[in-house]
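Below is one structure, written out as structure tokens, with a few remarks after it.
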Amino acid sequence: MRLVRWLAWSVGFLFVVGTVFQLVDFFNLYKVPPDLPESLNMVEFRLAVQDYRVAVWPLFLLSNLARGIGFVAVTALGLALAGRLARDSSHRVGIAAGLGMAGIFGAVGQLLIIGVTQPTIDSAYCDCGFKETEIVSQIWGQQLIESASRWLTDAAGVLAAIGVVAAGTAFRDRMPASWNFFSWLTAIGLVAAVAIPFLQISPELDMWVLVAVAGVIVPIWAVWLGATLRAGHELETDPA
């Protein structure tokens, strides 16, 4: 039980930390972005904000790295929870596959976005005579990989929703009934965080839904699990 407890608390802590760094960046508490005219083209804009991008890189790195490690903890938590169930439990696959794969997809997605951004921080361009071409290619390449990262994290959100529901059902005899209900709310929140951006309502709405889910709802679910889960008879293996 101690392993499950610490993994659950780690998930909650890491996603809160990642969200805090994201909000510090969003509210410009660390560095204020430059006030630039709208007439700048893509290359001019990238060059004008390069110093700002370098300044806030630590926030970007820590936010995505904390969530990436948090996703790794999600995978470990899913496997640990599945291991607390009997071999013939129908919920083992849902928890192990849902949370386990969600953690893998999410971690890869976070590492991708860190990896594609870091070279653009180290060097905006090579100054080899093709500056404009290089910067435009760099921006489009970054957008392609960021899109792949978003699809991975979206898949992680849907799989996590499946795993959360499976865990809520599997451990309803060892947790308060309100936690099982909250597990369904958490799953709905995870799916909503994936679905709402596709509606293209507002980028700010997308961000605040993600903040609410990743920074509040999921941590509450995980910490509640770690603090309350009791051992049960399903820990016994089949006589066969």
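Numbering starts fresh at 1 for the residues of each chain in the structure tokens, the chains themselves are lettered A, B, ... in the order given, and ligands are numbered from 1 as they appear.
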
Open item on the list: Quick one: residues within 10 Å of segment 122-131 of chain A, only C-alpha atoms, excluding same-chain residues fewer than 3 positions away - as a list in words?
Closed with: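 Within the cut-off, the hits are Val43, Arg46, Leu47, Gln50, Asp51, Val54, Thr117, Gln118, Pro119, Glu134, Ile135, Val136, Ser137 and Gln138 of chain A.
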
Take the residues just selected and output them with N, CA, C and O atoms as a PDB file, in the first residue's frame.
```pdb
ATOM      1  N   VAL A  43       9.293  35.938 -39.519  1.00  0.00           N
ATOM      2  CA  VAL A  43      10.720  35.948 -39.192  1.00  0.00           C
ATOM      3  C   VAL A  43      11.043  37.084 -38.238  1.00  0.00           C
ATOM      4  O   VAL A  43      11.747  36.898 -37.236  1.00  0.00           O
ATOM      5  N   ARG A  46       9.734  36.289 -34.699  1.00  0.00           N
ATOM      6  CA  ARG A  46      10.527  35.282 -33.994  1.00  0.00           C
ATOM      7  C   ARG A  46      11.831  35.895 -33.478  1.00  0.00           C
ATOM      8  O   ARG A  46      12.231  35.643 -32.329  1.00  0.00           O
ATOM      9  N   LEU A  47      12.475  36.704 -34.278  1.00  0.00           N
ATOM     10  CA  LEU A  47      13.719  37.333 -33.849  1.00  0.00           C
ATOM     11  C   LEU A  47      13.469  38.334 -32.720  1.00  0.00           C
ATOM     12  O   LEU A  47      14.271  38.451 -31.787  1.00  0.00           O
ATOM     13  N   GLN A  50      12.932  36.452 -29.368  1.00  0.00           N
ATOM     14  CA  GLN A  50      13.899  35.418 -29.024  1.00  0.00           C
ATOM     15  C   GLN A  50      14.460  35.596 -27.617  1.00  0.00           C
ATOM     16  O   GLN A  50      14.578  34.616 -26.863  1.00  0.00           O
ATOM     17  N   ASP A  51      14.796  36.812 -27.238  1.00  0.00           N
ATOM     18  CA  ASP A  51      15.322  37.035 -25.889  1.00  0.00           C
ATOM     19  C   ASP A  51      14.282  36.665 -24.832  1.00  0.00           C
ATOM     20  O   ASP A  51      14.629  36.102 -23.785  1.00  0.00           O
ATOM     21  N   VAL A  54      14.090  32.867 -24.573  1.00  0.00           N
ATOM     22  CA  VAL A  54      15.226  32.356 -23.809  1.00  0.00           C
ATOM     23  C   VAL A  54      15.006  32.581 -22.318  1.00  0.00           C
ATOM     24  O   VAL A  54      15.306  31.704 -21.487  1.00  0.00           O
ATOM     25  N   THR A 117      11.728  22.222 -28.776  1.00  0.00           N
ATOM     26  CA  THR A 117      11.878  23.637 -28.421  1.00  0.00           C
ATOM     27  C   THR A 117      13.311  23.982 -28.034  1.00  0.00           C
ATOM     28  O   THR A 117      13.798  25.076 -28.353  1.00  0.00           O
ATOM     29  N   GLN A 118      13.995  23.067 -27.375  1.00  0.00           N
ATOM     30  CA  GLN A 118      15.330  23.348 -26.844  1.00  0.00           C
ATOM     31  C   GLN A 118      16.345  23.821 -27.902  1.00  0.00           C
ATOM     32  O   GLN A 118      17.071  24.794 -27.674  1.00  0.00           O
ATOM     33  N   PRO A 119      16.411  23.220 -29.098  1.00  0.00           N
ATOM     34  CA  PRO A 119      17.362  23.724 -30.099  1.00  0.00           C
ATOM     35  C   PRO A 119      17.068  25.150 -30.549  1.00  0.00           C
ATOM     36  O   PRO A 119      17.992  25.903 -30.882  1.00  0.00           O
ATOM     37  N   GLU A 134      15.882  29.541 -42.866  1.00  0.00           N
ATOM     38  CA  GLU A 134      16.098  28.652 -41.730  1.00  0.00           C
ATOM     39  C   GLU A 134      15.069  28.882 -40.636  1.00  0.00           C
ATOM     40  O   GLU A 134      14.529  27.926 -40.070  1.00  0.00           O
ATOM     41  N   ILE A 135      14.757  30.135 -40.347  1.00  0.00           N
ATOM     42  CA  ILE A 135      13.801  30.432 -39.277  1.00  0.00           C
ATOM     43  C   ILE A 135      12.406  29.947 -39.639  1.00  0.00           C
ATOM     44  O   ILE A 135      11.699  29.346 -38.823  1.00  0.00           O
ATOM     45  N   VAL A 136      11.986  30.186 -40.889  1.00  0.00           N
ATOM     46  CA  VAL A 136      10.671  29.709 -41.323  1.00  0.00           C
ATOM     47  C   VAL A 136      10.603  28.183 -41.258  1.00  0.00           C
ATOM     48  O   VAL A 136       9.621  27.607 -40.770  1.00  0.00           O
ATOM     49  N   SER A 137      11.650  27.510 -41.724  1.00  0.00           N
ATOM     50  CA  SER A 137      11.677  26.042 -41.674  1.00  0.00           C
ATOM     51  C   SER A 137      11.651  25.552 -40.228  1.00  0.00           C
ATOM     52  O   SER A 137      10.977  24.564 -39.911  1.00  0.00           O
ATOM     53  N   GLN A 138      12.373  26.267 -39.385  1.00  0.00           N
ATOM     54  CA  GLN A 138      12.416  25.898 -37.966  1.00  0.00           C
ATOM     55  C   GLN A 138      11.035  26.008 -37.333  1.00  0.00           C
ATOM     56  O   GLN A 138      10.595  25.112 -36.610  1.00  0.00           O
TER      57      GLN A 138
END
```

Task: Who sits within 8 Å of segment 158-162 of chain A, only C-alpha atoms, same chain under 2 positions skipped, as a list in words - done: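 My list of contacting residues is Gly94, Ile95, Ala97, Gly98, Leu99, Met101, Ala102, Gly103, Asp154, Ala155, Ala156, Val164, Val165, Ala166, Thr186, Ala187, Ile188, Leu190, Val191 and Val194 of chain A.
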
- [ ] Would you please work out which residue, of A:Ala96, A:Ala66, A:Ile114, A:Ile201, is nearest to Val16 of chain A when using only C-alpha atoms?
- [x]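 Ranking A:Ala96, A:Ala66, A:Ile114, A:Ile201 by distance to Val16 of chain A, first place goes to A:Ala66.
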
Task: All residues 8 Å or closer to Gly168 of chain A, only C-alpha atoms, same chain fewer than 3 positions away omitted, as an NGL selection string - done: :A and (164-165 or 171-172 or 179-181 or 183-184)

Convert the current residue selection to file output with all heavy atoms, as a PDB file, in the first residue's frame.
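The resulting selection_13.pdb:
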```pdb
ATOM      1  N   VAL A 164      -9.049   5.771 -15.014  1.00  0.00           N
ATOM      2  CA  VAL A 164      -9.634   6.357 -13.800  1.00  0.00           C
ATOM      3  C   VAL A 164     -10.984   5.734 -13.496  1.00  0.00           C
ATOM      4  O   VAL A 164     -11.296   5.394 -12.343  1.00  0.00           O
ATOM      5  CB  VAL A 164      -9.753   7.892 -13.964  1.00  0.00           C
ATOM      6  CG1 VAL A 164     -10.680   8.478 -12.919  1.00  0.00           C
ATOM      7  CG2 VAL A 164      -8.374   8.541 -13.861  1.00  0.00           C
ATOM      8  N   VAL A 165     -11.808   5.568 -14.530  1.00  0.00           N
ATOM      9  CA  VAL A 165     -13.121   4.932 -14.322  1.00  0.00           C
ATOM     10  C   VAL A 165     -12.950   3.489 -13.860  1.00  0.00           C
ATOM     11  O   VAL A 165     -13.641   3.016 -12.948  1.00  0.00           O
ATOM     12  CB  VAL A 165     -13.955   4.998 -15.615  1.00  0.00           C
ATOM     13  CG1 VAL A 165     -15.190   4.105 -15.496  1.00  0.00           C
ATOM     14  CG2 VAL A 165     -14.365   6.431 -15.910  1.00  0.00           C
ATOM     15  N   PHE A 171     -12.045  -0.245  -7.070  1.00  0.00           N
ATOM     16  CA  PHE A 171     -11.737   0.001  -5.663  1.00  0.00           C
ATOM     17  C   PHE A 171     -12.875   0.683  -4.913  1.00  0.00           C
ATOM     18  O   PHE A 171     -12.658   1.288  -3.866  1.00  0.00           O
ATOM     19  CB  PHE A 171     -10.459   0.853  -5.557  1.00  0.00           C
ATOM     20  CG  PHE A 171      -9.231   0.158  -6.065  1.00  0.00           C
ATOM     21  CD1 PHE A 171      -8.742   0.431  -7.338  1.00  0.00           C
ATOM     22  CD2 PHE A 171      -8.572  -0.792  -5.286  1.00  0.00           C
ATOM     23  CE1 PHE A 171      -7.616  -0.224  -7.816  1.00  0.00           C
ATOM     24  CE2 PHE A 171      -7.449  -1.444  -5.760  1.00  0.00           C
ATOM     25  CZ  PHE A 171      -6.964  -1.166  -7.032  1.00  0.00           C
ATOM     26  N   ARG A 172     -14.089   0.544  -5.424  1.00  0.00           N
ATOM     27  CA  ARG A 172     -15.214   1.206  -4.772  1.00  0.00           C
ATOM     28  C   ARG A 172     -15.494   0.633  -3.384  1.00  0.00           C
ATOM     29  O   ARG A 172     -16.080   1.320  -2.539  1.00  0.00           O
ATOM     30  CB  ARG A 172     -16.466   1.109  -5.639  1.00  0.00           C
ATOM     31  CG  ARG A 172     -16.958  -0.305  -5.921  1.00  0.00           C
ATOM     32  CD  ARG A 172     -18.186  -0.271  -6.835  1.00  0.00           C
ATOM     33  NE  ARG A 172     -18.677  -1.608  -7.150  1.00  0.00           N
ATOM     34  CZ  ARG A 172     -18.248  -2.330  -8.165  1.00  0.00           C
ATOM     35  NH1 ARG A 172     -17.311  -1.840  -8.964  1.00  0.00           N
ATOM     36  NH2 ARG A 172     -18.733  -3.535  -8.397  1.00  0.00           N
ATOM     37  N   TRP A 179     -15.591   9.140  -3.664  1.00  0.00           N
ATOM     38  CA  TRP A 179     -14.413   9.078  -4.525  1.00  0.00           C
ATOM     39  C   TRP A 179     -14.743   8.384  -5.845  1.00  0.00           C
ATOM     40  O   TRP A 179     -14.240   8.790  -6.898  1.00  0.00           O
ATOM     41  CB  TRP A 179     -13.270   8.339  -3.829  1.00  0.00           C
ATOM     42  CG  TRP A 179     -12.023   8.251  -4.661  1.00  0.00           C
ATOM     43  CD1 TRP A 179     -11.075   9.213  -4.825  1.00  0.00           C
ATOM     44  CD2 TRP A 179     -11.595   7.134  -5.458  1.00  0.00           C
ATOM     45  NE1 TRP A 179     -10.076   8.779  -5.678  1.00  0.00           N
ATOM     46  CE2 TRP A 179     -10.368   7.506  -6.072  1.00  0.00           C
ATOM     47  CE3 TRP A 179     -12.117   5.863  -5.701  1.00  0.00           C
ATOM     48  CZ2 TRP A 179      -9.667   6.641  -6.919  1.00  0.00           C
ATOM     49  CZ3 TRP A 179     -11.428   5.019  -6.545  1.00  0.00           C
ATOM     50  CH2 TRP A 179     -10.221   5.398  -7.138  1.00  0.00           C
ATOM     51  N   ASN A 180     -15.567   7.359  -5.789  1.00  0.00           N
ATOM     52  CA  ASN A 180     -15.986   6.689  -7.026  1.00  0.00           C
ATOM     53  C   ASN A 180     -16.737   7.671  -7.916  1.00  0.00           C
ATOM     54  O   ASN A 180     -16.516   7.729  -9.133  1.00  0.00           O
ATOM     55  CB  ASN A 180     -16.867   5.489  -6.695  1.00  0.00           C
ATOM     56  CG  ASN A 180     -17.254   4.685  -7.929  1.00  0.00           C
ATOM     57  OD1 ASN A 180     -16.555   4.694  -8.935  1.00  0.00           O
ATOM     58  ND2 ASN A 180     -18.392   4.014  -7.867  1.00  0.00           N
ATOM     59  N   PHE A 181     -17.615   8.477  -7.308  1.00  0.00           N
ATOM     60  CA  PHE A 181     -18.334   9.500  -8.067  1.00  0.00           C
ATOM     61  C   PHE A 181     -17.361  10.524  -8.634  1.00  0.00           C
ATOM     62  O   PHE A 181     -17.486  10.939  -9.791  1.00  0.00           O
ATOM     63  CB  PHE A 181     -19.360  10.189  -7.165  1.00  0.00           C
ATOM     64  CG  PHE A 181     -20.076  11.329  -7.825  1.00  0.00           C
ATOM     65  CD1 PHE A 181     -21.056  11.104  -8.780  1.00  0.00           C
ATOM     66  CD2 PHE A 181     -19.774  12.643  -7.496  1.00  0.00           C
ATOM     67  CE1 PHE A 181     -21.709  12.155  -9.400  1.00  0.00           C
ATOM     68  CE2 PHE A 181     -20.425  13.699  -8.109  1.00  0.00           C
ATOM     69  CZ  PHE A 181     -21.402  13.462  -9.058  1.00  0.00           C
ATOM     70  N   SER A 183     -14.327   9.994  -9.398  1.00  0.00           N
ATOM     71  CA  SER A 183     -13.575   9.357 -10.482  1.00  0.00           C
ATOM     72  C   SER A 183     -14.289   9.563 -11.815  1.00  0.00           C
ATOM     73  O   SER A 183     -13.643   9.818 -12.844  1.00  0.00           O
ATOM     74  CB  SER A 183     -13.411   7.856 -10.208  1.00  0.00           C
ATOM     75  OG  SER A 183     -12.616   7.637  -9.061  1.00  0.00           O
ATOM     76  N   TRP A 184     -15.597   9.450 -11.811  1.00  0.00           N
ATOM     77  CA  TRP A 184     -16.363   9.697 -13.043  1.00  0.00           C
ATOM     78  C   TRP A 184     -16.251  11.159 -13.465  1.00  0.00           C
ATOM     79  O   TRP A 184     -16.102  11.457 -14.653  1.00  0.00           O
ATOM     80  CB  TRP A 184     -17.825   9.301 -12.846  1.00  0.00           C
ATOM     81  CG  TRP A 184     -18.036   7.820 -12.907  1.00  0.00           C
ATOM     82  CD1 TRP A 184     -18.043   6.934 -11.863  1.00  0.00           C
ATOM     83  CD2 TRP A 184     -18.232   7.028 -14.087  1.00  0.00           C
ATOM     84  NE1 TRP A 184     -18.240   5.653 -12.307  1.00  0.00           N
ATOM     85  CE2 TRP A 184     -18.370   5.678 -13.671  1.00  0.00           C
ATOM     86  CE3 TRP A 184     -18.316   7.331 -15.439  1.00  0.00           C
ATOM     87  CZ2 TRP A 184     -18.571   4.636 -14.578  1.00  0.00           C
ATOM     88  CZ3 TRP A 184     -18.531   6.299 -16.346  1.00  0.00           C
ATOM     89  CH2 TRP A 184     -18.657   4.969 -15.906  1.00  0.00           C
TER      90      TRP A 184
END
```

Task: Test item: residues at most 12 Å from segment 71-75 of chain A, only C-alpha atoms, excluding those fewer than 6 positions along its chain, as an NGL selection string - done: :A and (3-15 or 18 or 64-65 or 81-82 or 95-111 or 152-153 or 156-157 or 159-161 or 163-164 or 214 or 218-219 or 222)

Open item on the list: Could you go through segment 2-146 of chain A and tell me which residues DSSP, when run on the backbone, assigns to helix (DSSP H, G or I), listing them as a count of residues only?
Closed with: 114

Task: atom CA of Trp57 of chain A to atom CA of Lys31 of chain A, distance in Å rounded to a single decimal - done: 10.5 Å

Task: Gap from atom CA of Leu112 of chain A to atom CA of Pro197 of chain A - Å, one decimal - done: 19.9 Å

TODO: Kindly indicate which residue among A:Asp35, A:Val17, A:Arg2, A:Ala55 lies nearest to Gly226 of chain A, using only C-alpha atoms for the distances.
DONE: A:Arg2
